[in-house]
$ cat data_7.cif   # mmCIF, C-alpha atoms
data_my_file
#
loop_
_atom_site.label_atom_id
_atom_site.label_comp_id
_atom_site.auth_asym_id
_atom_site.auth_seq_id
_atom_site.Cartn_x
_atom_site.Cartn_y
_atom_site.Cartn_z
CA MET A 14 -23.86 -76.26 29.82
CA GLY A 15 -21.30 -78.31 27.94
CA VAL A 16 -23.51 -78.70 24.85
CA PRO A 17 -22.06 -77.52 21.51
CA VAL A 18 -23.93 -74.65 19.86
CA CYS A 19 -24.46 -76.64 16.67
CA THR A 20 -26.12 -79.47 18.59
CA ILE A 21 -28.67 -77.02 19.95
CA ALA A 22 -29.15 -75.61 16.45
CA LEU A 23 -29.77 -79.12 15.07
CA ILE A 24 -32.77 -79.27 17.39
CA VAL A 25 -34.04 -75.70 17.09
CA TYR A 26 -33.87 -75.14 13.32
CA PRO A 27 -35.88 -78.21 12.28
CA LEU A 28 -38.56 -77.02 14.70
CA LEU A 29 -38.51 -73.57 13.10
CA ILE A 30 -38.75 -75.15 9.65
CA ALA A 31 -41.76 -77.17 10.80
CA LEU A 32 -43.31 -73.97 12.20
CA ALA A 33 -42.77 -72.20 8.88
CA ALA A 34 -44.24 -75.14 6.95
CA LEU A 35 -47.31 -75.26 9.21
CA THR A 36 -47.76 -71.50 9.00
CA LEU A 37 -47.87 -71.70 5.19
CA ARG A 38 -51.34 -73.22 5.53
CA ARG A 39 -52.79 -70.31 7.53
CA SER A 40 -53.89 -66.90 6.33
CA GLY A 41 -52.77 -63.58 7.79
CA THR A 42 -49.32 -64.78 8.81
CA ARG A 43 -47.15 -62.29 6.96
CA ASN A 44 -45.59 -60.86 10.14
CA ILE A 45 -44.65 -64.34 11.36
CA PHE A 46 -42.86 -65.06 8.09
CA PHE A 47 -41.07 -61.73 8.27
CA LEU A 48 -39.82 -62.58 11.76
CA ILE A 49 -38.77 -66.09 10.66
CA THR A 50 -36.87 -64.61 7.71
CA VAL A 51 -35.07 -62.03 9.85
CA LEU A 52 -34.10 -64.58 12.51
CA ALA A 53 -32.92 -67.08 9.90
CA SER A 54 -30.88 -64.39 8.12
CA MET A 55 -29.16 -63.47 11.37
CA GLY A 56 -28.51 -67.15 12.13
CA LEU A 57 -27.12 -67.72 8.64
CA MET A 58 -24.72 -64.78 8.96
CA LEU A 59 -23.51 -66.02 12.34
CA ASN A 60 -23.08 -69.56 11.08
CA LEU A 61 -21.08 -68.35 8.08
CA VAL A 62 -18.73 -66.57 10.49
CA TYR A 63 -18.32 -69.86 12.40
CA ILE A 64 -17.53 -71.73 9.20
CA TYR A 65 -15.06 -69.07 8.07
CA ASN A 66 -13.28 -69.26 11.43
CA GLU A 67 -13.11 -73.03 11.15
CA PHE A 68 -11.42 -72.83 7.76
CA ALA A 69 -9.22 -69.82 8.51
CA TYR A 70 -7.94 -70.61 11.98
CA ILE A 71 -8.23 -74.29 12.79
CA GLN A 72 -8.31 -75.78 9.26
CA ALA A 73 -11.11 -78.13 10.22
CA VAL A 74 -14.73 -78.57 9.28
CA CYS A 75 -17.54 -79.19 11.74
CA VAL A 76 -20.11 -81.42 10.08
CA PHE A 77 -22.82 -80.16 12.44
CA CYS A 78 -22.07 -76.58 11.36
CA ILE A 79 -22.44 -77.46 7.68
CA VAL A 80 -25.72 -79.28 8.34
CA CYS A 81 -26.96 -76.33 10.42
CA THR A 82 -26.07 -73.94 7.61
CA PHE A 83 -28.28 -75.89 5.21
CA LEU A 84 -31.10 -76.02 7.77
CA ILE A 85 -30.87 -72.28 8.36
CA ALA A 86 -30.84 -71.59 4.61
CA ALA A 87 -33.92 -73.81 4.16
CA ASN A 88 -35.61 -71.95 7.00
CA MET A 89 -34.82 -68.60 5.40
CA ILE A 90 -36.08 -69.76 2.00
CA LEU A 91 -39.34 -70.99 3.56
CA GLY A 92 -39.69 -67.69 5.40
CA VAL A 93 -39.22 -65.61 2.25
CA ARG A 94 -41.53 -67.87 0.28
CA GLY A 95 -44.19 -67.71 2.95
CA TYR A 96 -43.87 -63.95 3.24
CA PHE A 97 -44.58 -63.43 -0.45
CA GLN A 98 -47.36 -66.03 -0.56
CA SER A 99 -49.19 -64.85 2.53
CA THR A 100 -51.79 -62.14 2.58
CA GLU A 101 -52.20 -59.64 5.37
#

$ encode --input "data_7.cif" --output "structure tokens"
Amino acid sequence: MGVPVCTIALIVYPLLIALAALTLRRSGTRNIFFLITVLASMGLMLNLVYIYNEFAYIQAVCVFCIVCTFLIAANMILGVRGYFQSTE
């Protein structure tokens, strides 16, 4: 495709954050928040591997990757918060 992975993530993760924020207002959404939290956790682990590889092997920092890491962490925090606030 020729599109960097972080560019795709800069589009996808804000949409997931918006979905999590909108879902906070609905009842019975505990499973959705669980799924959001699991997906965000996996994305955060993968992104941390990318950042480690940047530092360890090419001694460079991708600004998009750092921004994506913060977006993924915000998504995970919203997911955990929503999970504990929601009722089944």

$ closest_residue --input "data_7.cif" --among "A:Tyr63, A:Phe46, A:Tyr70, A:Phe83" --to "A:Tyr26" --atoms "only C-alpha atoms"
A:Phe83

$ resolve_selection --input "data_7.cif" --expression "the PyMOL selection byres ((chain A and resi 76) around 12)" --output "PyMOL selection string"
chain A and resi 19-20+23+63-64+67+73-75+77-83

$ write_last_selection --input "data_7.cif" --atoms "C-alpha atoms" --output "tab-separated table (two decimals), keeping the file's coordinate frame"
chain	number	residue	atom	x	y	z
A	19	CYS	CA	-24.46	-76.64	16.67
A	20	THR	CA	-26.12	-79.47	18.59
A	23	LEU	CA	-29.77	-79.12	15.07
A	63	TYR	CA	-18.32	-69.86	12.40
A	64	ILE	CA	-17.53	-71.73	9.20
A	67	GLU	CA	-13.11	-73.03	11.15
A	73	ALA	CA	-11.11	-78.13	10.22
A	74	VAL	CA	-14.73	-78.57	9.28
A	75	CYS	CA	-17.54	-79.19	11.74
A	77	PHE	CA	-22.82	-80.16	12.44
A	78	CYS	CA	-22.07	-76.58	11.36
A	79	ILE	CA	-22.44	-77.46	7.68
A	80	VAL	CA	-25.72	-79.28	8.34
A	81	CYS	CA	-26.96	-76.33	10.42
A	82	THR	CA	-26.07	-73.94	7.61
A	83	PHE	CA	-28.28	-75.89	5.21

$ resolve_selection --input "data_7.cif" --expression "the PyMOL selection byres ((chain A and resi 93) around 12)" --output "NGL selection string"
:A and (33-34 or 37 or 43-54 or 86-92 or 94-99)

$ axis_aligned_box --input "data_7.cif" --around "stretch 21-24 of chain A" --padding-each-side "8 Å" --output "JSON"
{"center_x": -30.7, "center_y": -77.4, "center_z": 17.5, "size_x": 20.1, "size_y": 19.7, "size_z": 20.9}

$ atom_distance --input "data_7.cif" --atom1 "atom CA of A:Leu35" --atom2 "atom CA of A:Pro17"
28.2 Å

$ atom_distance --input "data_7.cif" --atom1 "atom CA of A:Asn66" --atom2 "atom CA of A:Ile85"
18.1 Å

$ atom_distance --input "data_7.cif" --atom1 "atom CA of A:Gly15" --atom2 "atom CA of A:Ala31"
26.7 Å

$ decode --input "data_7.cif" --residues "chain A" --atoms "C-alpha atoms" --output "PDB file, in the first residue's frame"
ATOM      1  CA  MET A  14       0.000   0.000   0.000  1.00  0.00           C
ATOM      2  CA  GLY A  15       2.861   2.377   0.666  1.00  0.00           C
ATOM      3  CA  VAL A  16       1.204   3.920   3.737  1.00  0.00           C
ATOM      4  CA  PRO A  17       3.162   3.822   7.019  1.00  0.00           C
ATOM      5  CA  VAL A  18       1.548   1.798   9.802  1.00  0.00           C
ATOM      6  CA  CYS A  19       1.588   4.764  12.172  1.00  0.00           C
ATOM      7  CA  THR A  20      -0.331   6.901   9.686  1.00  0.00           C
ATOM      8  CA  ILE A  21      -3.103   4.319   9.636  1.00  0.00           C
ATOM      9  CA  ALA A  22      -3.020   4.197  13.437  1.00  0.00           C
ATOM     10  CA  LEU A  23      -3.356   7.995  13.623  1.00  0.00           C
ATOM     11  CA  ILE A  24      -6.692   7.576  11.867  1.00  0.00           C
ATOM     12  CA  VAL A  25      -7.943   4.402  13.549  1.00  0.00           C
ATOM     13  CA  TYR A  26      -7.163   5.119  17.214  1.00  0.00           C
ATOM     14  CA  PRO A  27      -8.928   8.494  17.442  1.00  0.00           C
ATOM     15  CA  LEU A  28     -11.992   6.749  15.994  1.00  0.00           C
ATOM     16  CA  LEU A  29     -11.723   4.034  18.646  1.00  0.00           C
ATOM     17  CA  ILE A  30     -11.367   6.686  21.353  1.00  0.00           C
ATOM     18  CA  ALA A  31     -14.501   8.403  20.051  1.00  0.00           C
ATOM     19  CA  LEU A  32     -16.307   5.042  20.070  1.00  0.00           C
ATOM     20  CA  ALA A  33     -15.254   4.442  23.669  1.00  0.00           C
ATOM     21  CA  ALA A  34     -16.339   7.944  24.688  1.00  0.00           C
ATOM     22  CA  LEU A  35     -19.738   7.526  23.012  1.00  0.00           C
ATOM     23  CA  THR A  36     -20.204   4.087  24.547  1.00  0.00           C
ATOM     24  CA  LEU A  37     -19.676   5.543  28.036  1.00  0.00           C
ATOM     25  CA  ARG A  38     -23.133   7.107  27.728  1.00  0.00           C
ATOM     26  CA  ARG A  39     -24.936   3.805  27.072  1.00  0.00           C
ATOM     27  CA  SER A  40     -25.869   1.070  29.505  1.00  0.00           C
ATOM     28  CA  GLY A  41     -25.056  -2.615  29.104  1.00  0.00           C
ATOM     29  CA  THR A  42     -21.804  -2.066  27.232  1.00  0.00           C
ATOM     30  CA  ARG A  43     -19.393  -3.938  29.473  1.00  0.00           C
ATOM     31  CA  ASN A  44     -18.399  -6.449  26.770  1.00  0.00           C
ATOM     32  CA  ILE A  45     -17.623  -3.646  24.312  1.00  0.00           C
ATOM     33  CA  PHE A  46     -15.311  -2.013  26.837  1.00  0.00           C
ATOM     34  CA  PHE A  47     -13.625  -5.325  27.535  1.00  0.00           C
ATOM     35  CA  LEU A  48     -12.957  -5.765  23.815  1.00  0.00           C
ATOM     36  CA  ILE A  49     -11.688  -2.171  23.486  1.00  0.00           C
ATOM     37  CA  THR A  50      -9.342  -2.719  26.440  1.00  0.00           C
ATOM     38  CA  VAL A  51      -7.963  -5.986  25.056  1.00  0.00           C
ATOM     39  CA  LEU A  52      -7.404  -4.532  21.573  1.00  0.00           C
ATOM     40  CA  ALA A  53      -5.779  -1.392  22.977  1.00  0.00           C
ATOM     41  CA  SER A  54      -3.515  -3.479  25.229  1.00  0.00           C
ATOM     42  CA  MET A  55      -2.358  -5.539  22.270  1.00  0.00           C
ATOM     43  CA  GLY A  56      -1.794  -2.381  20.217  1.00  0.00           C
ATOM     44  CA  LEU A  57       0.158  -0.780  23.054  1.00  0.00           C
ATOM     45  CA  MET A  58       2.427  -3.813  23.394  1.00  0.00           C
ATOM     46  CA  LEU A  59       3.081  -3.857  19.650  1.00  0.00           C
ATOM     47  CA  ASN A  60       3.771  -0.138  19.558  1.00  0.00           C
ATOM     48  CA  LEU A  61       6.214  -0.421  22.457  1.00  0.00           C
ATOM     49  CA  VAL A  62       8.108  -3.053  20.465  1.00  0.00           C
ATOM     50  CA  TYR A  63       8.251  -0.622  17.508  1.00  0.00           C
ATOM     51  CA  ILE A  64       9.579   2.147  19.728  1.00  0.00           C
ATOM     52  CA  TYR A  65      12.169  -0.155  21.307  1.00  0.00           C
ATOM     53  CA  ASN A  66      13.366  -1.218  17.860  1.00  0.00           C
ATOM     54  CA  GLU A  67      13.642   2.415  16.815  1.00  0.00           C
ATOM     55  CA  PHE A  68      15.859   3.235  19.778  1.00  0.00           C
ATOM     56  CA  ALA A  69      17.868   0.000  19.769  1.00  0.00           C
ATOM     57  CA  TYR A  70      18.562  -0.498  16.085  1.00  0.00           C
ATOM     58  CA  ILE A  71      18.201   2.715  14.128  1.00  0.00           C
ATOM     59  CA  GLN A  72      18.723   5.294  16.913  1.00  0.00           C
ATOM     60  CA  ALA A  73      15.837   7.383  15.647  1.00  0.00           C
ATOM     61  CA  VAL A  74      12.424   8.359  16.920  1.00  0.00           C
ATOM     62  CA  CYS A  75       9.261   8.317  14.848  1.00  0.00           C
ATOM     63  CA  VAL A  76       7.033  11.151  16.019  1.00  0.00           C
ATOM     64  CA  PHE A  77       3.950   9.367  14.663  1.00  0.00           C
ATOM     65  CA  CYS A  78       4.812   6.304  16.763  1.00  0.00           C
ATOM     66  CA  ILE A  79       5.074   8.378  19.938  1.00  0.00           C
ATOM     67  CA  VAL A  80       1.753  10.098  19.207  1.00  0.00           C
ATOM     68  CA  CYS A  81       0.146   6.718  18.464  1.00  0.00           C
ATOM     69  CA  THR A  82       1.453   5.340  21.746  1.00  0.00           C
ATOM     70  CA  PHE A  83      -0.299   8.127  23.652  1.00  0.00           C
ATOM     71  CA  LEU A  84      -3.500   7.591  21.653  1.00  0.00           C
ATOM     72  CA  ILE A  85      -3.432   3.862  22.338  1.00  0.00           C
ATOM     73  CA  ALA A  86      -2.792   4.457  26.047  1.00  0.00           C
ATOM     74  CA  ALA A  87      -5.722   6.905  26.178  1.00  0.00           C
ATOM     75  CA  ASN A  88      -7.886   4.335  24.424  1.00  0.00           C
ATOM     76  CA  MET A  89      -6.891   1.658  26.925  1.00  0.00           C
ATOM     77  CA  ILE A  90      -7.555   3.965  29.879  1.00  0.00           C
ATOM     78  CA  LEU A  91     -11.003   4.833  28.502  1.00  0.00           C
ATOM     79  CA  GLY A  92     -11.700   1.142  27.969  1.00  0.00           C
ATOM     80  CA  VAL A  93     -10.746   0.194  31.529  1.00  0.00           C
ATOM     81  CA  ARG A  94     -12.670   3.138  32.943  1.00  0.00           C
ATOM     82  CA  GLY A  95     -15.737   2.285  30.918  1.00  0.00           C
ATOM     83  CA  TYR A  96     -15.521  -1.377  31.869  1.00  0.00           C
ATOM     84  CA  PHE A  97     -15.616  -0.593  35.579  1.00  0.00           C
ATOM     85  CA  GLN A  98     -18.303   2.084  35.217  1.00  0.00           C
ATOM     86  CA  SER A  99     -20.635   0.076  33.023  1.00  0.00           C
ATOM     87  CA  THR A 100     -23.251  -2.308  34.287  1.00  0.00           C
ATOM     88  CA  GLU A 101     -24.150  -5.560  32.605  1.00  0.00           C
TER      89      GLU A 101
END
